[in-house]
Amino acid sequence: MRERLLTLALGIGALILFYALIFPKPQNPAPAQGLPLSTDARPEGYRAIWRWLGTERIPRVSLRYRYGRLPGLLPQPTGNLLLVTLPQRVPMQATERGALRAWVARGNTLLIAAALNDEPLWAADTDDPVMIQDLQRLVGLKFLPSRAASLLRSLGTRRLDLRPLGTHPLLEGVKQITAPLTLPSRAWRAHLTYRQLPLQLAARSDDGLPALWLEHLGAGQVILCAAASPFSNAGMVFTGNARFLANIIAWSRGPGGAVVFDDAHEGLTAFYDARAFFADPRLHATLGWIVILWLIFVVGSQPLRAQPPLWQPLDETAYIEGSARYLAAVVEPGDAARRMIEDFLGELAGHSGDTGIDAWQRLDAEPGLSNAERAALRACYARARAGKRVSLTRLQNLLAQLRKALR
């Protein structure tokens, strides 16, 4: 019983050590609240836009791959609209930024909804440390924290309103764009960089800071909204938000163009994602059952073997067989045949090794032997002395017959 308990303790210790040192740990478990996905019908999702596009018979695509796969997934190479939400649960790679900019420059539109002035519930536990750097590379703006805006955000307001600046086809019929607020968050102030000046479309109604920009990139354009929630299911209840999105689609989409939802970088991927794989509770449940069954097998049904004795008696049969195999490998068949016949003749002569005429004469004088058997033995002996090949099996059978006849 003590041996089984020790085996169980060592097995559990080995599993714990393996898990602690090698097995990856999920850093960001999937939140209980909604996510900005085309399949999510909760307030934070984009299911309302997805259904509206289906009603209007506008092509829609759920992107579940990296940005480099975009051209091969769309029916038309240009005239498409991609909705990207920041921060991302699966941050874009450095190679993806170049592929995304090249795709936009060919004649497509990128709509970015970035949580710079709002913080939805899903963004609170999303770790995207390069979000600001990605924005700076995609648009000609640099974002720094704004203390004044953060002070205004701490007053407890439940919505953030953006008012249009001037006239533009994107703002036709739009009096204001509303971002529903759930959590207080930092606010960011945009600063110009060395690139071309983006067009300011709207600003915050509380402090006048710009919050909506349009930048042309090659044959395409980038639209940046400094709030992530206006296009969510909760944001689409506001008339200005719905009108603004309809203007973007009508203005940017070409013939046969599609509206693409970036579901891949929000966790809904069709490629291998190690973090999502190891965070899947089904994996942990499967591994748990495997460990339990293994421990039951090892401790319960597996017999514990006693320590083998240090001394083991020699098997005589195996020793003889090994010696015979060695001799058969190093002794020539002719020499072996000659020695077998001489030993047989020595038995006839009454003393070992005597191959004189008395032995052969006694062999000829034996009445129980046939002339054919005598002739066969002489022929084998002659071939062996001449160094010719002799069948040891046939010779052994012949000698056995002769010994039997001489008894």
# chains A, B, ... in the order shown; residues from 1 in each chain; ligands from 1

call {"tool": "residues_around", "arguments": {"residues": "stretch 75-80 of chain A", "least_positions_apart": "6", "cutoff": "9 Å", "atoms": "only C-alpha atoms", "output": "list in words"}}
result
Pro59, Trp103, Val104, Arg106, Gly107, Asn108, Thr109, Leu110, Gly220, Ile249, Ser252, Arg253, Gly254, Pro255, Gly256, Gly257, Ala258, Val259 and Val260 of chain A

call {"tool": "residues_around", "arguments": {"residues": "A:Glu332", "least_positions_apart": "3", "cutoff": "12 Å", "atoms": "only C-alpha atoms", "output": "PyMOL selection string"}}
result
chain A and resi 326-329+335-339+384+387-392

call {"tool": "atom_distance", "arguments": {"atom1": "atom CA of A:Leu160", "atom2": "atom CA of A:Pro210"}}
result
12.6 Å

call {"tool": "select_by_dssp", "arguments": {"residues": "stretch 86-271 of chain A", "states": "strand (DSSP E)", "output": "ChimeraX atom specification"}}
result
/A:86,109-114,141-145,159-164,177-180,188-192,199-204,210-217,220-225,259-262

call {"tool": "select_by_dssp", "arguments": {"residues": "stretch 45-237 of chain A", "states": "helix (DSSP H, G or I)", "output": "PyMOL selection string"}}
result
chain A and resi 47-55+67-73+94-105+121-123+131-138+147-153+169-171+235-237

call {"tool": "write_last_selection", "arguments": {"atoms": "C-alpha atoms", "output": "PDB file, in the first residue's frame"}}
result
ATOM      1  CA  ARG A  47     -24.794  41.762 -35.202  1.00  0.00           C
ATOM      2  CA  ALA A  48     -27.207  44.611 -35.952  1.00  0.00           C
ATOM      3  CA  ILE A  49     -25.027  45.899 -38.810  1.00  0.00           C
ATOM      4  CA  TRP A  50     -24.584  42.340 -40.144  1.00  0.00           C
ATOM      5  CA  ARG A  51     -28.342  41.769 -40.293  1.00  0.00           C
ATOM      6  CA  TRP A  52     -29.013  45.180 -41.839  1.00  0.00           C
ATOM      7  CA  LEU A  53     -26.491  44.478 -44.626  1.00  0.00           C
ATOM      8  CA  GLY A  54     -28.224  41.174 -45.318  1.00  0.00           C
ATOM      9  CA  THR A  55     -31.589  42.914 -45.539  1.00  0.00           C
ATOM     10  CA  TYR A  67      -4.931  40.904 -43.416  1.00  0.00           C
ATOM     11  CA  GLY A  68      -2.713  39.323 -46.068  1.00  0.00           C
ATOM     12  CA  ARG A  69      -5.618  37.016 -47.014  1.00  0.00           C
ATOM     13  CA  LEU A  70      -8.013  39.900 -47.752  1.00  0.00           C
ATOM     14  CA  PRO A  71      -7.595  40.058 -51.576  1.00  0.00           C
ATOM     15  CA  GLY A  72      -8.357  36.359 -52.009  1.00  0.00           C
ATOM     16  CA  LEU A  73     -11.531  36.455 -49.868  1.00  0.00           C
ATOM     17  CA  ALA A  94       4.209  43.983 -38.391  1.00  0.00           C
ATOM     18  CA  THR A  95       3.796  42.333 -41.797  1.00  0.00           C
ATOM     19  CA  GLU A  96       0.025  42.805 -41.591  1.00  0.00           C
ATOM     20  CA  ARG A  97       0.282  46.598 -41.353  1.00  0.00           C
ATOM     21  CA  GLY A  98       2.060  46.751 -44.694  1.00  0.00           C
ATOM     22  CA  ALA A  99      -0.438  44.394 -46.299  1.00  0.00           C
ATOM     23  CA  LEU A 100      -3.347  46.436 -44.915  1.00  0.00           C
ATOM     24  CA  ARG A 101      -1.973  49.757 -46.187  1.00  0.00           C
ATOM     25  CA  ALA A 102      -1.315  48.232 -49.623  1.00  0.00           C
ATOM     26  CA  TRP A 103      -4.885  46.877 -49.739  1.00  0.00           C
ATOM     27  CA  VAL A 104      -6.308  50.317 -48.891  1.00  0.00           C
ATOM     28  CA  ALA A 105      -4.054  52.072 -51.417  1.00  0.00           C
ATOM     29  CA  LEU A 121     -16.498  46.525 -21.262  1.00  0.00           C
ATOM     30  CA  TRP A 122     -14.598  44.231 -23.631  1.00  0.00           C
ATOM     31  CA  ALA A 123     -11.716  46.734 -23.896  1.00  0.00           C
ATOM     32  CA  MET A 131      -2.598  50.117 -30.415  1.00  0.00           C
ATOM     33  CA  ILE A 132      -1.322  53.714 -30.403  1.00  0.00           C
ATOM     34  CA  GLN A 133       1.692  52.775 -32.541  1.00  0.00           C
ATOM     35  CA  ASP A 134      -0.580  50.994 -35.028  1.00  0.00           C
ATOM     36  CA  LEU A 135      -2.786  54.070 -35.318  1.00  0.00           C
ATOM     37  CA  GLN A 136       0.217  56.292 -35.902  1.00  0.00           C
ATOM     38  CA  ARG A 137       1.397  54.033 -38.738  1.00  0.00           C
ATOM     39  CA  LEU A 138      -2.051  53.778 -40.339  1.00  0.00           C
ATOM     40  CA  ARG A 147      -5.498  65.432 -18.885  1.00  0.00           C
ATOM     41  CA  ALA A 148      -8.250  67.976 -19.515  1.00  0.00           C
ATOM     42  CA  ALA A 149     -10.363  65.488 -21.400  1.00  0.00           C
ATOM     43  CA  SER A 150      -9.807  62.909 -18.687  1.00  0.00           C
ATOM     44  CA  LEU A 151     -11.105  65.419 -16.117  1.00  0.00           C
ATOM     45  CA  LEU A 152     -14.267  65.976 -18.138  1.00  0.00           C
ATOM     46  CA  ARG A 153     -14.744  62.201 -18.471  1.00  0.00           C
ATOM     47  CA  PRO A 169     -20.756  63.592 -48.057  1.00  0.00           C
ATOM     48  CA  LEU A 170     -20.003  61.382 -45.074  1.00  0.00           C
ATOM     49  CA  LEU A 171     -21.853  63.807 -42.768  1.00  0.00           C
ATOM     50  CA  GLY A 235     -24.764  52.542 -30.756  1.00  0.00           C
ATOM     51  CA  MET A 236     -26.946  51.757 -33.779  1.00  0.00           C
ATOM     52  CA  VAL A 237     -30.075  52.825 -31.862  1.00  0.00           C
TER      53      VAL A 237
END

call {"tool": "atom_distance", "arguments": {"atom1": "atom CA of A:Thr393", "atom2": "atom CA of A:Met340"}}
result
11.6 Å

call {"tool": "residues_around", "arguments": {"residues": "A:Thr182", "least_positions_apart": "6", "cutoff": "9 Å", "atoms": "only C-alpha atoms", "output": "list in words"}}
result
Asp118, Glu119, Pro120, Leu121, Arg158 and Arg159 of chain A

call {"tool": "closest_residue", "arguments": {"among": "A:Ile223, A:Ser62, A:Leu217, A:Ala179", "to": "A:Ser205", "atoms": "only C-alpha atoms"}}
result
A:Ala179

call {"tool": "residues_around", "arguments": {"residues": "A:Arg42", "least_positions_apart": "2", "cutoff": "12 Å", "atoms": "only C-alpha atoms", "output": "list in words"}}
result
Ala32, Gln33, Gly34, Leu35, Pro36, Leu37, Ser38, Thr39, Asp40, Glu44, Gly45, Tyr46, Arg47, Ala48, Leu121, Trp122, Ser232, Asn233, Ala234 and Gly235 of chain A

call {"tool": "residues_around", "arguments": {"residues": "A:Leu162", "least_positions_apart": "5", "cutoff": "6 Å", "atoms": "only C-alpha atoms", "output": "number ranges by chain"}}
result
A: 176-177, 202-205

call {"tool": "write_last_selection", "arguments": {"atoms": "C-alpha atoms", "output": "PDB file, in the first residue's frame"}}
result
ATOM      1  CA  GLN A 176     -24.302  64.242 -34.152  1.00  0.00           C
ATOM      2  CA  ILE A 177     -22.565  60.922 -33.585  1.00  0.00           C
ATOM      3  CA  ALA A 202     -16.122  65.885 -36.231  1.00  0.00           C
ATOM      4  CA  ALA A 203     -15.080  66.956 -32.728  1.00  0.00           C
ATOM      5  CA  ARG A 204     -16.191  66.235 -29.176  1.00  0.00           C
ATOM      6  CA  SER A 205     -19.072  68.422 -28.055  1.00  0.00           C
TER       7      SER A 205
END

call {"tool": "residues_around", "arguments": {"residues": "stretch 370-376 of chain A", "least_positions_apart": "4", "cutoff": "12 Å", "atoms": "only C-alpha atoms", "output": "mmCIF file with C-alpha atoms, in the first residue's frame"}}
result
data_model
loop_
_atom_site.group_PDB
_atom_site.id
_atom_site.type_symbol
_atom_site.label_atom_id
_atom_site.label_comp_id
_atom_site.auth_asym_id
_atom_site.auth_seq_id
_atom_site.Cartn_x
_atom_site.Cartn_y
_atom_site.Cartn_z
ATOM 1 C CA ILE A 341 33.623 -39.652 -39.189
ATOM 2 C CA LEU A 345 35.622 -44.865 -36.463
ATOM 3 C CA TRP A 360 37.535 -49.833 -41.532
ATOM 4 C CA GLN A 361 37.911 -53.649 -41.577
ATOM 5 C CA ARG A 362 35.646 -53.965 -38.557
ATOM 6 C CA LEU A 363 33.155 -51.657 -40.311
ATOM 7 C CA ASP A 364 33.224 -53.967 -43.361
ATOM 8 C CA ALA A 365 32.851 -57.030 -41.137
ATOM 9 C CA GLU A 366 29.704 -55.773 -39.351
ATOM 10 C CA CYS A 380 31.743 -38.649 -47.324
ATOM 11 C CA TYR A 381 35.107 -39.247 -45.721
ATOM 12 C CA ALA A 382 36.900 -38.988 -49.071
ATOM 13 C CA ARG A 383 35.147 -35.712 -49.907
ATOM 14 C CA VAL A 390 29.791 -32.251 -47.357
ATOM 15 C CA SER A 391 26.194 -32.037 -46.133
ATOM 16 C CA ARG A 394 22.929 -35.978 -44.238
ATOM 17 C CA LEU A 395 26.154 -37.130 -42.588
ATOM 18 C CA ASN A 397 21.601 -38.868 -40.213
ATOM 19 C CA LEU A 398 23.897 -41.528 -41.764
ATOM 20 C CA LEU A 399 25.982 -41.847 -38.593
ATOM 21 C CA ALA A 400 22.821 -42.125 -36.505
ATOM 22 C CA GLN A 401 21.636 -45.019 -38.718
ATOM 23 C CA LEU A 402 25.002 -46.769 -38.438
ATOM 24 C CA ARG A 403 25.101 -46.468 -34.641
ATOM 25 C CA ALA A 405 22.494 -50.822 -36.652
ATOM 26 C CA LEU A 406 25.615 -51.597 -34.580
#
